[in-house]
file my_file.csv (CSV, C-alpha atoms)
chain,number,residue,atom,x,y,z
A,16,MET,CA,26.7,-11.5,6.4
A,17,LYS,CA,23.8,-9.0,6.1
A,18,ALA,CA,20.2,-8.8,4.9
A,19,TYR,CA,19.2,-5.7,2.9
A,20,PHE,CA,15.7,-4.4,2.3
A,21,LEU,CA,14.6,-1.7,-0.2
A,22,SER,CA,11.5,-0.8,-2.2
A,23,ASP,CA,10.0,1.6,-4.6
A,24,LEU,CA,12.9,2.2,-7.0
A,25,HIS,CA,10.4,2.9,-9.8
A,26,LEU,CA,13.1,2.3,-12.4
A,27,GLY,CA,12.1,3.5,-15.8
A,28,ALA,CA,9.6,6.0,-14.5
A,29,PRO,CA,9.0,9.0,-16.8
A,30,TYR,CA,9.4,11.6,-14.1
A,31,PHE,CA,13.1,10.9,-13.5
A,32,PRO,CA,15.2,13.7,-15.0
A,33,ASP,CA,17.7,11.1,-16.1
A,34,SER,CA,16.4,7.5,-16.1
A,35,LYS,CA,19.8,5.9,-16.7
A,36,GLU,CA,21.3,7.9,-13.8
A,37,ALA,CA,18.6,6.5,-11.5
A,38,GLU,CA,19.4,3.0,-12.7
A,39,ARG,CA,23.2,3.6,-12.2
A,40,ARG,CA,22.6,4.7,-8.7
A,41,VAL,CA,20.8,1.5,-7.8
A,42,VAL,CA,23.5,-0.6,-9.6
A,43,SER,CA,26.2,1.3,-7.6
A,44,PHE,CA,24.4,0.5,-4.4
A,45,LEU,CA,24.1,-3.2,-5.3
A,46,ASP,CA,27.8,-3.3,-6.2
A,47,GLU,CA,28.8,-1.8,-2.9
A,48,ILE,CA,26.9,-4.4,-0.9
A,49,LYS,CA,27.7,-7.5,-3.0
A,50,ASP,CA,30.5,-8.7,-0.7
A,51,ASP,CA,28.5,-8.7,2.6
A,52,ALA,CA,25.0,-9.3,1.4
A,53,GLU,CA,23.5,-12.7,2.1
A,54,VAL,CA,20.0,-11.9,1.0
A,55,ILE,CA,18.4,-8.8,-0.6
A,56,TYR,CA,14.6,-8.3,-0.3
A,57,LEU,CA,13.0,-6.0,-2.9
A,58,LEU,CA,9.6,-5.0,-1.5
A,59,GLY,CA,7.8,-4.0,-4.7
A,60,ASP,CA,7.6,-1.3,-7.3
A,61,ILE,CA,11.1,-2.0,-8.2
A,62,LEU,CA,10.2,-1.3,-11.8
A,63,ASP,CA,7.7,1.5,-12.7
A,64,TYR,CA,6.2,-0.8,-15.3
A,65,TRP,CA,6.9,-4.3,-16.5
A,66,TYR,CA,4.9,-6.8,-18.5
A,67,GLU,CA,6.3,-10.1,-19.7
A,68,TYR,CA,5.1,-11.4,-23.0
A,69,ARG,CA,5.7,-15.1,-23.9
A,70,TYR,CA,8.5,-14.5,-26.4
A,71,VAL,CA,9.7,-11.0,-25.9
A,72,VAL,CA,10.5,-8.7,-22.9
A,73,PRO,CA,10.4,-4.9,-22.6
A,74,ARG,CA,13.6,-3.0,-23.5
A,75,GLY,CA,15.7,-1.4,-20.8
A,76,PHE,CA,17.0,-2.2,-17.3
A,77,VAL,CA,20.1,-3.9,-18.7
A,78,ARG,CA,22.5,-2.6,-16.1
A,79,PHE,CA,20.1,-3.4,-13.2
A,80,PHE,CA,19.2,-6.9,-14.4
A,81,GLY,CA,22.9,-7.6,-15.1
A,82,LYS,CA,23.8,-6.7,-11.6
A,83,LEU,CA,21.0,-8.9,-10.1
A,84,ALA,CA,22.3,-11.8,-12.2
A,85,GLU,CA,25.8,-11.2,-11.0
A,86,LEU,CA,24.7,-11.2,-7.4
A,87,SER,CA,22.6,-14.3,-7.9
A,88,ASP,CA,25.5,-16.1,-9.5
A,89,ARG,CA,27.7,-15.2,-6.5
A,90,GLY,CA,25.2,-16.9,-4.3
A,91,VAL,CA,23.3,-13.9,-2.9
A,92,ARG,CA,19.6,-14.8,-2.4
A,93,ILE,CA,17.3,-12.2,-4.0
A,94,VAL,CA,13.6,-12.1,-3.1
A,95,TRP,CA,11.3,-9.8,-5.1
A,96,LEU,CA,7.9,-9.1,-3.5
A,97,ILE,CA,5.8,-7.6,-6.3
A,98,GLY,CA,4.1,-4.2,-5.9
A,99,ASN,CA,1.3,-2.5,-7.7
A,100,HIS,CA,3.6,-1.3,-10.5
A,101,ASP,CA,5.5,-4.5,-11.2
A,102,ILE,CA,2.7,-7.1,-10.7
A,103,TRP,CA,3.2,-8.7,-14.1
A,104,ILE,CA,6.4,-10.6,-13.4
A,105,PHE,CA,5.8,-14.2,-14.6
A,106,ASP,CA,8.6,-16.7,-15.3
A,107,TYR,CA,11.3,-14.7,-17.3
A,108,LEU,CA,13.0,-12.8,-14.4
A,109,PRO,CA,13.0,-15.8,-12.0
A,110,ASN,CA,14.4,-18.1,-14.6
A,111,GLU,CA,16.9,-15.7,-16.1
A,112,LEU,CA,18.1,-14.0,-13.0
A,113,GLY,CA,17.6,-16.7,-10.4
A,114,ILE,CA,15.4,-14.6,-8.1
A,115,GLU,CA,12.4,-15.6,-6.0
A,116,VAL,CA,9.2,-13.8,-6.8
A,117,VAL,CA,6.5,-13.4,-4.2
A,118,ASP,CA,3.0,-12.1,-4.8
A,119,GLY,CA,1.7,-11.0,-1.3
A,120,ALA,CA,3.5,-11.2,2.0
A,121,ILE,CA,6.4,-13.3,3.3
A,122,GLU,CA,7.6,-14.2,6.8
A,123,GLU,CA,11.3,-14.9,7.3
A,124,CYS,CA,13.4,-15.8,10.3
A,125,ILE,CA,16.8,-14.1,10.2
A,126,ASP,CA,19.3,-14.8,13.0
A,127,GLY,CA,16.4,-15.7,15.3
A,128,LYS,CA,14.4,-12.6,14.5
A,129,TYR,CA,11.1,-12.8,12.7
A,130,PHE,CA,10.3,-10.4,9.8
A,131,TYR,CA,6.9,-9.8,8.1
A,132,MET,CA,7.3,-8.2,4.7
A,133,THR,CA,4.9,-7.0,2.0
A,134,HIS,CA,4.7,-4.1,-0.4
A,135,GLY,CA,1.7,-2.8,1.4
A,136,ASP,CA,-0.7,-1.7,-1.3
A,137,GLY,CA,-3.4,-4.2,-0.3
A,138,ILE,CA,-3.5,-3.5,3.4
A,139,GLY,CA,-6.4,-1.9,5.2
A,140,LYS,CA,-9.4,0.1,4.0
A,141,LEU,CA,-8.7,1.1,0.4
A,142,PRO,CA,-10.5,3.5,-2.0
A,143,ALA,CA,-13.1,1.6,-4.1
A,144,SER,CA,-11.3,2.8,-7.3
A,145,PHE,CA,-8.0,1.4,-6.2
A,146,LYS,CA,-9.6,-1.9,-5.1
A,147,LEU,CA,-11.2,-2.3,-8.6
A,148,LEU,CA,-7.9,-1.5,-10.4
A,149,ARG,CA,-6.0,-4.0,-8.2
A,150,LYS,CA,-8.6,-6.7,-8.9
A,151,LEU,CA,-8.5,-6.0,-12.7
A,152,PHE,CA,-4.7,-6.0,-12.8
A,153,ARG,CA,-4.5,-9.4,-11.2
A,154,SER,CA,-7.3,-10.9,-13.3
A,155,LYS,CA,-5.9,-13.7,-15.5
A,156,TRP,CA,-8.5,-12.8,-18.2
A,157,CYS,CA,-7.5,-9.1,-18.2
A,158,GLN,CA,-3.8,-10.1,-18.3
A,159,LYS,CA,-4.4,-12.3,-21.3
A,160,ALA,CA,-6.4,-9.6,-23.1
A,161,PHE,CA,-3.7,-7.0,-22.3
A,162,SER,CA,-1.0,-9.3,-23.8
A,163,GLY,CA,-2.9,-9.3,-27.1
A,164,ILE,CA,-2.4,-5.6,-27.5
A,165,HIS,CA,0.9,-4.6,-29.2
A,166,PRO,CA,3.5,-3.1,-26.9
A,167,ARG,CA,3.8,0.0,-29.0
A,168,TRP,CA,0.4,0.9,-27.4
A,169,THR,CA,0.6,-0.6,-24.0
A,170,VAL,CA,4.0,0.7,-22.9
A,171,PRO,CA,3.4,4.4,-23.6
A,172,PHE,CA,-0.1,4.1,-22.0
A,173,ALA,CA,1.5,2.6,-18.9
A,174,TYR,CA,4.1,5.3,-18.6
A,175,ASN,CA,1.6,8.1,-19.2
A,176,TRP,CA,-0.5,6.6,-16.5
A,177,SER,CA,2.4,6.6,-14.1
A,178,ARG,CA,3.3,10.2,-15.0
A,179,HIS,CA,-0.1,11.4,-14.0
A,180,SER,CA,-0.7,9.2,-11.0
A,181,ARG,CA,2.6,9.6,-9.1
A,182,LYS,CA,3.7,12.8,-7.5
A,183,LEU,CA,7.4,13.3,-6.8
A,184,GLU,CA,6.7,14.8,-3.4
A,185,GLY,CA,4.9,11.6,-2.4
A,186,PRO,CA,1.3,11.1,-1.1
A,187,SER,CA,-0.8,13.9,0.1
A,188,PRO,CA,-1.0,14.5,3.8
A,189,GLN,CA,-4.5,13.0,3.8
A,190,ASP,CA,-3.4,9.9,1.9
A,191,ALA,CA,-0.3,9.5,4.0
A,192,GLU,CA,-2.3,9.6,7.2
A,193,ARG,CA,-4.7,7.0,5.9
A,194,MET,CA,-2.0,4.7,4.7
A,195,MET,CA,-0.1,5.0,7.9
A,196,ARG,CA,-3.2,4.3,9.9
A,197,ASN,CA,-3.9,1.2,7.7
A,198,ILE,CA,-0.4,-0.4,8.3
A,199,THR,CA,-0.4,0.5,12.0
A,200,THR,CA,-3.8,-1.1,12.6
A,201,PHE,CA,-2.9,-4.2,10.5
A,202,SER,CA,0.5,-4.6,12.2
A,203,LYS,CA,-1.0,-4.4,15.7
A,204,GLU,CA,-3.8,-6.8,14.9
A,205,TYR,CA,-1.5,-9.3,13.1
A,206,HIS,CA,1.0,-9.2,16.0
A,207,GLU,CA,-1.7,-10.1,18.5
A,208,HIS,CA,-2.1,-13.4,16.7
A,209,HIS,CA,1.6,-13.8,15.7
A,210,PRO,CA,3.6,-12.4,18.7
A,211,GLU,CA,6.8,-13.9,17.4
A,212,ILE,CA,7.0,-11.1,14.7
A,213,ASN,CA,9.8,-8.6,15.6
A,214,TYR,CA,9.7,-6.4,12.5
A,215,PHE,CA,7.0,-5.4,10.0
A,216,LEU,CA,8.5,-4.0,6.8
A,217,TYR,CA,6.5,-2.1,4.1
A,218,GLY,CA,7.0,-0.2,0.9
A,219,HIS,CA,4.4,1.6,-1.2
A,220,LEU,CA,3.9,4.7,1.0
A,221,HIS,CA,7.1,6.5,-0.3
A,222,LEU,CA,7.6,7.5,3.4
A,223,LEU,CA,10.5,6.8,5.6
A,224,GLU,CA,9.1,5.8,9.0
A,225,ARG,CA,10.0,3.7,12.1
A,226,PHE,CA,7.9,3.1,15.2
A,227,SER,CA,6.9,0.5,17.7
A,228,VAL,CA,3.6,-1.3,17.8
A,229,ALA,CA,4.4,-3.7,20.7
A,230,HIS,CA,7.2,-4.7,23.0
A,231,ASP,CA,10.1,-5.9,20.8
A,232,CYS,CA,8.1,-5.3,17.7
A,233,GLU,CA,8.7,-2.4,15.2
A,234,VAL,CA,7.2,-1.2,11.9
A,235,LEU,CA,9.6,0.1,9.2
A,236,VAL,CA,8.4,1.9,6.1
A,237,LEU,CA,11.3,1.9,3.7
A,238,GLY,CA,10.9,5.1,1.8
A,239,GLU,CA,11.8,5.3,-1.9
A,240,TRP,CA,14.6,5.8,-4.5
A,241,ILE,CA,13.2,8.8,-6.2
A,242,THR,CA,14.5,11.5,-3.8
A,243,THR,CA,15.3,9.7,-0.5
A,244,PHE,CA,17.3,6.6,-1.6
A,245,SER,CA,16.6,4.8,1.6
A,246,TYR,CA,16.9,1.2,2.7
A,247,ALA,CA,17.2,-1.0,5.7
A,248,VAL,CA,19.9,-3.4,6.7
A,249,TRP,CA,20.1,-6.2,9.2
A,250,ASP,CA,23.6,-6.7,10.4
A,251,GLY,CA,23.1,-9.7,12.6
A,252,GLU,CA,22.1,-7.8,15.7
A,253,SER,CA,20.3,-4.6,14.7
A,254,LEU,CA,18.0,-3.4,11.9
A,255,LEU,CA,19.1,0.0,10.7
A,256,LEU,CA,17.4,2.5,8.3
A,257,ARG,CA,19.9,4.3,6.1
A,258,LYS,CA,20.1,6.7,3.1
A,259,TYR,CA,22.5,5.9,0.3
A,260,GLN,CA,25.0,8.2,-1.2
A,261,PRO,CA,27.1,6.8,-4.0
A,262,GLY,CA,30.8,6.3,-3.1
A,263,SER,CA,30.2,7.2,0.6
A,264,ASN,CA,30.8,5.2,3.7
A,265,MET,CA,27.2,3.8,4.1
A,266,MET,CA,27.8,3.4,7.8
A,267,ASN,CA,27.6,7.1,8.2
A,268,HIS,CA,23.9,7.2,7.2
A,269,ASP,CA,22.2,5.2,10.0
A,270,LYS,CA,18.6,6.3,10.7
A,271,SER,CA,17.9,3.9,13.6

call {"tool": "encode", "arguments": {"input": "my_file.csv", "output": "structure tokens"}}
result
Amino acid sequence: MKAYFLSDLHLGAPYFPDSKEAERRVVSFLDEIKDDAEVIYLLGDILDYWYEYRYVVPRGFVRFFGKLAELSDRGVRIVWLIGNHDIWIFDYLPNELGIEVVDGAIEECIDGKYFYMTHGDGIGKLPASFKLLRKLFRSKWCQKAFSGIHPRWTVPFAYNWSRHSRKLEGPSPQDAERMMRNITTFSKEYHEHHPEINYFLYGHLHLLERFSVAHDCEVLVLGEWITTFSYAVWDGESLLLRKYQPGSNMMNHDKS
């Protein structure tokens, strides 16, 4: 049995030429791995926007949620680490789909190897504007105030925000360099105090990277599902980076 890791699907994002096709691609991937997956880790920004109200939920994502429910019912463990786009998951998705939701980081031991996983948006030195937004978005008072606004206003606002804040080509070279420096420094420092960690896995950067920070310790940045369609898989002995092509033999796309 295998463990799968993917992040930054951004399902529902307004910049997809065909949002349903993007969702179908993810569902196709999940369908192909359902027979050998023991656990699936979703490392944040799985949805481009999500806000749970007490009695209603946003429209869309029916195929994706249905496939997660199917996998969960089959006994596949699903762990969702929230990112900066899908931070407002409360109790509906865990209760309805049977998934585990984590706000922050998680450490897991898989086949004797230790994995540290987080979305990555809160690591290192961050721009003041981003830190302020991150604090506001996690404020219980702000969440309550936001929930009082009718979805006809909040949903278009959120998607317009996403359209202007995210570039298809990924972060600028300057931002990419800063973010890579942040996770490299953090991983090295964390490993000094937790030498048992074998792998650090991150999302958020929309980059596909792999490098060592110490003996028997690697960092993997998982890429995204906007243009790259990348993921990692632990097969019991090795951690591989791959790119998905629907209907293909996924073993042909190792990036280790």

call {"tool": "atom_distance", "arguments": {"input": "my_file.csv", "atom1": "CA of Trp95 in chain A", "atom2": "CA of Glu115 in chain A"}}
result
6.0 Å

call {"tool": "atom_distance", "arguments": {"input": "my_file.csv", "atom1": "CA of Asp46 in chain A", "atom2": "CA of Tyr30 in chain A"}}
result
25.0 Å

call {"tool": "residues_around", "arguments": {"input": "my_file.csv", "residues": "range 120-129 of chain A", "least_positions_apart": "4", "cutoff": "12 Å", "atoms": "only C-alpha atoms", "output": "number ranges by chain"}}
result
A: 16-19, 53-54, 56-59, 94-98, 115-116, 133-138, 206, 209-218, 231-233, 248-254

call {"tool": "residues_around", "arguments": {"input": "my_file.csv", "residues": "Asp106 in chain A", "least_positions_apart": "6", "cutoff": "12 Å", "atoms": "all atoms listed in the file", "output": "list of chain:residue names"}}
result
A:Tyr66, A:Glu67, A:Tyr68, A:Arg69, A:Tyr70, A:Val72, A:Leu112, A:Gly113, A:Ile114, A:Glu115, A:Val116, A:Val117

call {"tool": "write_last_selection", "arguments": {"input": "my_file.csv", "atoms": "C-alpha atoms", "output": "mmCIF file, in the frame of the given file"}}
result
data_model
loop_
_atom_site.group_PDB
_atom_site.id
_atom_site.type_symbol
_atom_site.label_atom_id
_atom_site.label_comp_id
_atom_site.auth_asym_id
_atom_site.auth_seq_id
_atom_site.Cartn_x
_atom_site.Cartn_y
_atom_site.Cartn_z
ATOM 1 C CA TYR A 66 4.900 -6.800 -18.500
ATOM 2 C CA GLU A 67 6.300 -10.100 -19.700
ATOM 3 C CA TYR A 68 5.100 -11.400 -23.000
ATOM 4 C CA ARG A 69 5.700 -15.100 -23.900
ATOM 5 C CA TYR A 70 8.500 -14.500 -26.400
ATOM 6 C CA VAL A 72 10.500 -8.700 -22.900
ATOM 7 C CA LEU A 112 18.100 -14.000 -13.000
ATOM 8 C CA GLY A 113 17.600 -16.700 -10.400
ATOM 9 C CA ILE A 114 15.400 -14.600 -8.100
ATOM 10 C CA GLU A 115 12.400 -15.600 -6.000
ATOM 11 C CA VAL A 116 9.200 -13.800 -6.800
ATOM 12 C CA VAL A 117 6.500 -13.400 -4.200
#

call {"tool": "closest_residue", "arguments": {"input": "my_file.csv", "among": "A:Ala229, A:Leu223, A:Met195, A:Leu108", "to": "Glu207 in chain A", "atoms": "only C-alpha atoms"}}
result
A:Ala229

call {"tool": "residues_near_point", "arguments": {"input": "my_file.csv", "point": "(16.2, 8.9, -3.1)", "cutoff": "12 Å", "atoms": "only C-alpha atoms", "output": "PDB file with C-alpha atoms, in the frame of the given file"}}
result
ATOM      1  CA  LEU A  21      14.600  -1.700  -0.200  1.00  0.00           C
ATOM      2  CA  SER A  22      11.500  -0.800  -2.200  1.00  0.00           C
ATOM      3  CA  ASP A  23      10.000   1.600  -4.600  1.00  0.00           C
ATOM      4  CA  LEU A  24      12.900   2.200  -7.000  1.00  0.00           C
ATOM      5  CA  HIS A  25      10.400   2.900  -9.800  1.00  0.00           C
ATOM      6  CA  LEU A  26      13.100   2.300 -12.400  1.00  0.00           C
ATOM      7  CA  PHE A  31      13.100  10.900 -13.500  1.00  0.00           C
ATOM      8  CA  GLU A  36      21.300   7.900 -13.800  1.00  0.00           C
ATOM      9  CA  ALA A  37      18.600   6.500 -11.500  1.00  0.00           C
ATOM     10  CA  GLU A  38      19.400   3.000 -12.700  1.00  0.00           C
ATOM     11  CA  ARG A  40      22.600   4.700  -8.700  1.00  0.00           C
ATOM     12  CA  VAL A  41      20.800   1.500  -7.800  1.00  0.00           C
ATOM     13  CA  PHE A  44      24.400   0.500  -4.400  1.00  0.00           C
ATOM     14  CA  LEU A 183       7.400  13.300  -6.800  1.00  0.00           C
ATOM     15  CA  GLU A 184       6.700  14.800  -3.400  1.00  0.00           C
ATOM     16  CA  GLY A 185       4.900  11.600  -2.400  1.00  0.00           C
ATOM     17  CA  HIS A 221       7.100   6.500  -0.300  1.00  0.00           C
ATOM     18  CA  LEU A 222       7.600   7.500   3.400  1.00  0.00           C
ATOM     19  CA  LEU A 223      10.500   6.800   5.600  1.00  0.00           C
ATOM     20  CA  LEU A 237      11.300   1.900   3.700  1.00  0.00           C
ATOM     21  CA  GLY A 238      10.900   5.100   1.800  1.00  0.00           C
ATOM     22  CA  GLU A 239      11.800   5.300  -1.900  1.00  0.00           C
ATOM     23  CA  TRP A 240      14.600   5.800  -4.500  1.00  0.00           C
ATOM     24  CA  ILE A 241      13.200   8.800  -6.200  1.00  0.00           C
ATOM     25  CA  THR A 242      14.500  11.500  -3.800  1.00  0.00           C
ATOM     26  CA  THR A 243      15.300   9.700  -0.500  1.00  0.00           C
ATOM     27  CA  PHE A 244      17.300   6.600  -1.600  1.00  0.00           C
ATOM     28  CA  SER A 245      16.600   4.800   1.600  1.00  0.00           C
ATOM     29  CA  TYR A 246      16.900   1.200   2.700  1.00  0.00           C
ATOM     30  CA  ARG A 257      19.900   4.300   6.100  1.00  0.00           C
ATOM     31  CA  LYS A 258      20.100   6.700   3.100  1.00  0.00           C
ATOM     32  CA  TYR A 259      22.500   5.900   0.300  1.00  0.00           C
ATOM     33  CA  GLN A 260      25.000   8.200  -1.200  1.00  0.00           C
ATOM     34  CA  PRO A 261      27.100   6.800  -4.000  1.00  0.00           C
TER      35      PRO A 261
END

call {"tool": "closest_residue", "arguments": {"input": "my_file.csv", "among": "A:Asp118, A:Tyr64, A:Arg74, A:Lys49", "to": "Ser87 in chain A", "atoms": "only C-alpha atoms"}}
result
A:Lys49

call {"tool": "residues_around", "arguments": {"input": "my_file.csv", "residues": "Thr199 in chain A", "least_positions_apart": "2", "cutoff": "10 Å", "atoms": "only C-alpha atoms", "output": "ChimeraX atom specification"}}
result
/A:138-139,193-197,201-205,215,226-228,234

call {"tool": "atom_distance", "arguments": {"input": "my_file.csv", "atom1": "CA of Asp51 in chain A", "atom2": "CA of Met132 in chain A"}}
result
21.3 Å

call {"tool": "closest_residue", "arguments": {"input": "my_file.csv", "among": "A:Val77, A:Ile93, A:Ile55, A:Leu255", "to": "Gly27 in chain A", "atoms": "all atoms listed in the file"}}
result
A:Val77
